[in-house]
Every structure is written in C-alpha cells, then in structure tokens.
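These notes are about the structure you will find just below.
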Amino acid sequence: MCAGSALRQEYGQEYGQEYRRCLEQEFRRGRTGTCSDPSFGERLRQRLRQEPVLLGALQDDAAALLSRGLRGRPDPEPALRGLASAFRLLELAAVNLYLFPWRKEFGTVQTFSGAYVHLLRPALPEADLVRSFGRLGYEQRDPHHLAIARPLPGPELAAAACGFFACRLECEILAEVVLRLRPRRLRAEDLLEARRLAGDVEACVEMLQQLGTQHEAADGVDLYQETPASPEGAGGEDAAPPAPWRNPGSLQGAQDAPRRGWDRCSNGERGQEPLPFAGNPDPDPSSRLFLEQERGGAGSPLSALAAGSQSSPVPGEPQDLPAAPQEAPELPCYQLHSCLRRGALPSYCCTTCQQLHAGACAAGQACRSHHRGQELRSERQQRLWLQRTEVDMLLADGSGPWA
C-alpha cells in the first residue's frame with residue numbers, strides 16, 4: 001500500500017471511530033437516529049471540502065454511487081438533493097441495526113412501498129440499492145423484501161453508517177458548487193470530474209468557471225471567418241504556444257505535466273472500479289470520474305485545465321514527475337532545512353530553494369517573500385512532503401534522512 005492510501009485508510013478509521021462515539025453519546029442522552037453532532041459533522045465536512053479522496057476511505061464505492069446516481073440527470077441540483085436523502089435513509093438503516101440489533105422490525109425492508117419506492121429508488125439504481133443494503137447484512141429474500149441474512153458486528157455497522165453519512169455530506173458539498181455557479185447549468189459529468197481533478201472546493205469552482213468561459217468562447221466562433229484547413233495552417237506568429245507539458249525537454253513542463261498524485265500507488269493500484277452492466281463490458285465513462293487515473297493527459301477539457309494549472313490536482317501535495325519520452329530532465333531533490341528537528345512536520349515548501357521549513361523558521365519567512373513555494377496546511381500534506389523529502393535525501397547521500 002502506498003503512503004497516501006495508508007494515510008487515507010488511517011483517517012477513515014479515525015472518523016469512523018469518532019462517528020461511533022457520537023452515536024453512543026447521543027444514545028445515552030436518549031436520542032437515536034442518524035448522527036446529529038454538529039461539531040463532528042462540520043469537521044468531516046471541512047475535511048471533505050479540502051480532500052475529497054477521504055470519501056473513498058470512508059465509503060469505497062462512493063464514486064460509483066454518485067456517478068450512477070447523477071447519470072442522465074439534466075440538472076444535478078435536485079438529483080443531489082435526492083441522493084442526500086437516500087444516503088440519509090441508508091445511514092439510518094445502519095444506525096438502527098447498530099443500536100437495536102434485537103428489534104425484529106429492522107430485520108426486513110419492504111421494497112414495494114414506502115420510503116424505498118419514494119426516496120431510494122428514484123435516487124439510485126436498484127442494483128446499487130441492493131449492494132448498499134448488502135453492506136448491512138441484508139439479502140434479497142424475494143422480489144419485494146430484503147432480509148437480514150447475516151447479522152454484522154457493531155463496528156462494521158457503525159463504519160457503514162459513517163460511510164453513508166460522508167456520502168450525504170459530499171452531495172451537499174457538490175450542491176454548494178452548483179449553486180455558486182448559477183445561473184449556469186452544469187453537466188453532472190463535468191461537476192464530478194472537476195471535483196476529482198481540482199481537489200478542494202475553491203479550485204473546483206474556479207476550474208468549472210474556466211470551462212464555462214471556454215465553452216462560451218467556442219460558442220462565439222465567427223461562422224464567416226476563415227479557419228485553417230489543416231493543423232499546419234494554424235501556425236504562425238499569432239498561434240498559441242504549445243502547452244509547457246508537451247515539451248519533453250522542459251523541466252517546467254515536466255513539473256506542470258498531468259501527474260499521478262504522490263499518494264497514488266505506482267504498482268497499478270486503483271480506486272474501486274464500478275461493476276459492469278450486463279451486456280456492456282465497458283461501463284459508462286462517467287462512472288469513473290472520481291477514480292484515480294494512472295496515466296496523465298486525459299482528453300477532456302477539464303483534464304487539460306487541470307494539467308495546465310500551476311497548482312496540483314490536490315493542492316499542497318508533492319508531485320510525481322513523469323519521465324520525458326526523450327532525455328529526462330534532472331528531477332528536483334528536496335532537503336529538510338536545519339530548522340526541522342527529527343519528527344517535526346514542515347509547514348512550508350520552497351520550490352526555489354527546494355527545501356522544507358518549519359512555521360517559525362526565519363529562512364522560511366524569507367522564502368515566502370522572495371521565492372516560489374506553497375503552504376502545507378493539512379497534516380496529510382505535511383506528512384507526504386516529509387516522506388518524499390526523506391526519500392530524496394536518502395537517494396542523494398545514501399545515509400539516513402538526518403545525516
């Protein structure tokens with residue numbers, strides 16, 4: 001398991017345990033139902049806003065559920081509201097089994113009436129609903145009922161409830177993005193892809209705004225102006241320069257290239273693949289919008305926007321620089337500044353000096369004023385950069401990270 005996957009798994013377990021404690025505290029106070037602790041909910045919401053990859057650690061098929069739930073919906077906002085309600089019901093089903101495993105009425109779900117027909121089925125495909133209830137121990141007894149076939153341990157049920165809770169928060173975050181871009185109507189595919197590529201919410205909104213500008217420019221092409229008949233005709237003094245990542249000899253181009261995140265495994269490990277549909281071995285490409293990609297340079301306009309940006313798809317993470325097809329440029333080798341003691345986490349990365357600094361370091365303050373770099377705001381970013389730099393130092397001198 002690569003470093004980023006291990007960190008996501010660790011954070012997923014941390015939030016799952018905290019969710020379970022919140023349920024138990026509310027139960028002792030006489031309150032039952034889905035998690036209603038505003039403090040925990042806000043902490044998880046803010047974390048998901050900045051790091052959407054955390055969602056996959058809490059609910060491994062969240063990407064596929066969101067994609068299939070939004071597929072074919074001309075306006076994602078009402079679809080997201082419906083999905084949020086569906087995830088809340090799934091969370092409630094898990095919580096009921098966790099708090100009241102002895103109650104027989106929670107052992108069977110009717111699929112021919114009630115909330116299943118009016119709230120769940122309009123939001124998610126039937127196969128996804130059956131799989132989601134299967135996570136709670138239900139199996140299809142007949143065409144009209146799901147029944148508990150194997151009671152699950154309490155921790156598994158609490159973890160499943162936390163996963164559905166995180167999916168509900170993600171729907172609310174995506175709905176916020178849609179509202180901020182009103183009156184423009186977004187395609188669900190563009191929304192999900194921008195969320196995956198950009199990472200945090202602000203970068204996602206900016207990317208979708210840029211995409212909208214590109215679409216407007218394309219719509220405004222003058223029908224009566226002559227356009228080049230071939231790619232060669234597009235050259236000349238006024239032609240736009242090639243994107244920097246197309247130049248294999250440019251170090252800056254390598255740094256700006258579409259990349260695998262530092263937290264992605266290089267051994268081909270990928271996110272949860274959606275299940276193919278019968279008779280269609282290749283599922284709808286929109287169901288893979290959230291999944292991690294191993295190859296750079298996807299063909300969509302949003303991928304091009306993400307690749308051409310100076311910021312990485314997940315802000316603050318170190319980048320794996322792909323090897324150039326011709327002579328590979330020398331990759332930057334980062335060092336830990338002397339201000340960092342053993343075990344301390346960096347708070348700033350200077351890409352000019354190629355050094356990591358502590359928050360109170362005077363040299364780091366000077367770098368902030370005169371050099372290029374980035375703040376490492378989350379603990380996850382700090383740990384990833386620390387691991388990458390330790391490896392760089394080991395490769396550079398063959399000794400420990402603190403020689």
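Residues in the structure tokens are numbered from 1 in each chain, the chains being A, B, ... in the order shown, and ligands are numbered from 1 in the order shown.
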Surrounding residues of Leu345 of chain A excluding itself and chain neighbours under 3 positions, 10 Å, only C-alpha atoms, as a ChimeraX atom specification | /A:340-342,348,356-359,376,379,381-386
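Across A:Thr108, A:Gln210, A:Ser113, A:Gln17, the tightest approach to Glu139 of chain A is made by A:Thr108 when counting only C-alpha atoms.
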In Å, with one decimal, what is the gap from atom CA of Arg187 of chain A to atom CA of Arg73 of chain A?
-> 8.3 Å
Selection: 12 Å around Ala79 of chain A, only C-alpha atoms, excl. self and same-chain fewer than 2 positions, as a PyMOL selection string | chain A and resi 66-77+81-86+119-120+122-124+171-172+174-175+178+187-188
Any chance you can output those residues with C-alpha atoms as a PDB file, in the first residue's frame?
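Output below, filename selection.pdb:
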```
ATOM      1  CA  LEU A  66     -22.538   9.297  -7.023  1.00  0.00           C
ATOM      2  CA  SER A  67     -21.790   8.858 -10.696  1.00  0.00           C
ATOM      3  CA  ARG A  68     -24.612   6.432 -11.357  1.00  0.00           C
ATOM      4  CA  GLY A  69     -27.000   8.461  -9.208  1.00  0.00           C
ATOM      5  CA  LEU A  70     -26.324  11.571 -11.319  1.00  0.00           C
ATOM      6  CA  ARG A  71     -26.148   9.862 -14.703  1.00  0.00           C
ATOM      7  CA  GLY A  72     -28.657  11.199 -17.172  1.00  0.00           C
ATOM      8  CA  ARG A  73     -29.891  13.993 -14.873  1.00  0.00           C
ATOM      9  CA  PRO A  74     -30.065  17.282 -16.826  1.00  0.00           C
ATOM     10  CA  ASP A  75     -29.869  19.362 -13.633  1.00  0.00           C
ATOM     11  CA  PRO A  76     -27.624  17.920 -10.900  1.00  0.00           C
ATOM     12  CA  GLU A  77     -29.011  20.081  -8.069  1.00  0.00           C
ATOM     13  CA  ARG A  81     -30.864  16.589  -3.003  1.00  0.00           C
ATOM     14  CA  GLY A  82     -32.455  13.243  -3.756  1.00  0.00           C
ATOM     15  CA  LEU A  83     -29.154  11.425  -3.322  1.00  0.00           C
ATOM     16  CA  ALA A  84     -28.526  13.156   0.013  1.00  0.00           C
ATOM     17  CA  SER A  85     -31.945  11.969   1.247  1.00  0.00           C
ATOM     18  CA  ALA A  86     -31.221   8.437   0.028  1.00  0.00           C
ATOM     19  CA  LEU A 119     -36.990   8.110  -1.838  1.00  0.00           C
ATOM     20  CA  LEU A 120     -34.425   5.392  -2.511  1.00  0.00           C
ATOM     21  CA  PRO A 122     -35.722   7.476  -7.614  1.00  0.00           C
ATOM     22  CA  ALA A 123     -32.191   8.351  -6.437  1.00  0.00           C
ATOM     23  CA  LEU A 124     -30.146   5.187  -7.077  1.00  0.00           C
ATOM     24  CA  CYS A 171     -23.773  15.572  -2.001  1.00  0.00           C
ATOM     25  CA  GLU A 172     -24.260  18.785  -0.019  1.00  0.00           C
ATOM     26  CA  LEU A 174     -21.453  19.299  -4.686  1.00  0.00           C
ATOM     27  CA  ALA A 175     -24.796  21.085  -4.409  1.00  0.00           C
ATOM     28  CA  VAL A 178     -23.729  24.007  -8.350  1.00  0.00           C
ATOM     29  CA  ARG A 187     -23.387  18.773 -16.614  1.00  0.00           C
ATOM     30  CA  ALA A 188     -23.099  16.153 -13.866  1.00  0.00           C
TER      31      ALA A 188
END
```
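Of the residues under consideration (A:Ser132, A:Leu58, A:Cys367, A:Gln110), A:Leu58 shows the shortest atom-to-atom contact distance to Gln13 of chain A when counting only C-alpha atoms.
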Find the residues of segment 11-43 of chain A that sit at most 10 Å from segment 156-163 of chain A; for each, write down the nearest two atoms and how far apart they are in Å, to one decimal. Count only C-alpha atoms. Sort by chain, then by number going up, and give it as a Markdown table.
```
| residue | atom | partner | partner_atom | distance |
| --- | --- | --- | --- | --- |
| A:Gly12 | CA | A:Ala159 | CA | 9.0 |
| A:Gln13 | CA | A:Ala159 | CA | 8.2 |
| A:Tyr15 | CA | A:Cys162 | CA | 7.8 |
| A:Gly16 | CA | A:Ala159 | CA | 5.3 |
| A:Gln17 | CA | A:Ala159 | CA | 7.7 |
| A:Glu18 | CA | A:Cys162 | CA | 9.3 |
| A:Tyr19 | CA | A:Cys162 | CA | 6.3 |
| A:Arg20 | CA | A:Ala158 | CA | 5.7 |
| A:Arg21 | CA | A:Ala158 | CA | 9.5 |
| A:Leu23 | CA | A:Ala158 | CA | 8.6 |
| A:Thr34 | CA | A:Ala161 | CA | 8.2 |
| A:Cys35 | CA | A:Cys162 | CA | 8.5 |
```
Would you give me, as a PyMOL selection string, the residues in segment 74-234 of chain A that DSSP reads as strand (DSSP E or B)?
-> chain A and resi 108-110+138-142+145-148
Please write the residues from the selection above to a file, keeping C-alpha atoms, as a compact mmCIF listing (two decimals), in the first residue's frame.
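This went into part30.txt:
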```
# COMPACT_ATOMS: atom_id res chain seq x y z
CA THR A 108 -36.78 -6.78 6.90
CA VAL A 109 -37.00 -3.95 4.35
CA GLN A 110 -40.04 -3.75 2.08
CA TYR A 138 -29.34 -7.74 4.03
CA GLU A 139 -30.01 -10.11 1.14
CA GLN A 140 -32.89 -10.21 -1.33
CA ARG A 141 -35.37 -12.73 0.05
CA ASP A 142 -37.91 -12.28 -2.77
CA HIS A 145 -38.29 -7.88 0.52
CA LEU A 146 -34.72 -7.59 1.76
CA ALA A 147 -33.97 -9.51 4.94
CA ILE A 148 -31.03 -9.80 7.31
```
A:Leu169, A:Val205, A:Met393, A:Ala366: which is nearest Glu91 of chain A, counting only C-alpha atoms?
->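 Going through A:Leu169, A:Val205, A:Met393, A:Ala366 one by one, the smallest distance to Glu91 of chain A is for A:Leu169.
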A:Leu97, A:Leu54, A:Val391, A:Leu152 ranked by distance to Cys333 of chain A, top pick (using only C-alpha atoms) =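 The answer is A:Val391, which sits nearest to Cys333 of chain A.
Considering only C-alpha atoms, the residue among A:Pro151, A:Gly137, A:Ala93, A:His144 positioned nearest to Phe112 of chain A is A:His144.
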What does the distance between atom CA of Asp37 of chain A and atom CA of Val117 of chain A come to in Å, to one decimal place?
->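 Between atom CA of Asp37 of chain A and atom CA of Val117 of chain A the gap works out to 28.9 Å.
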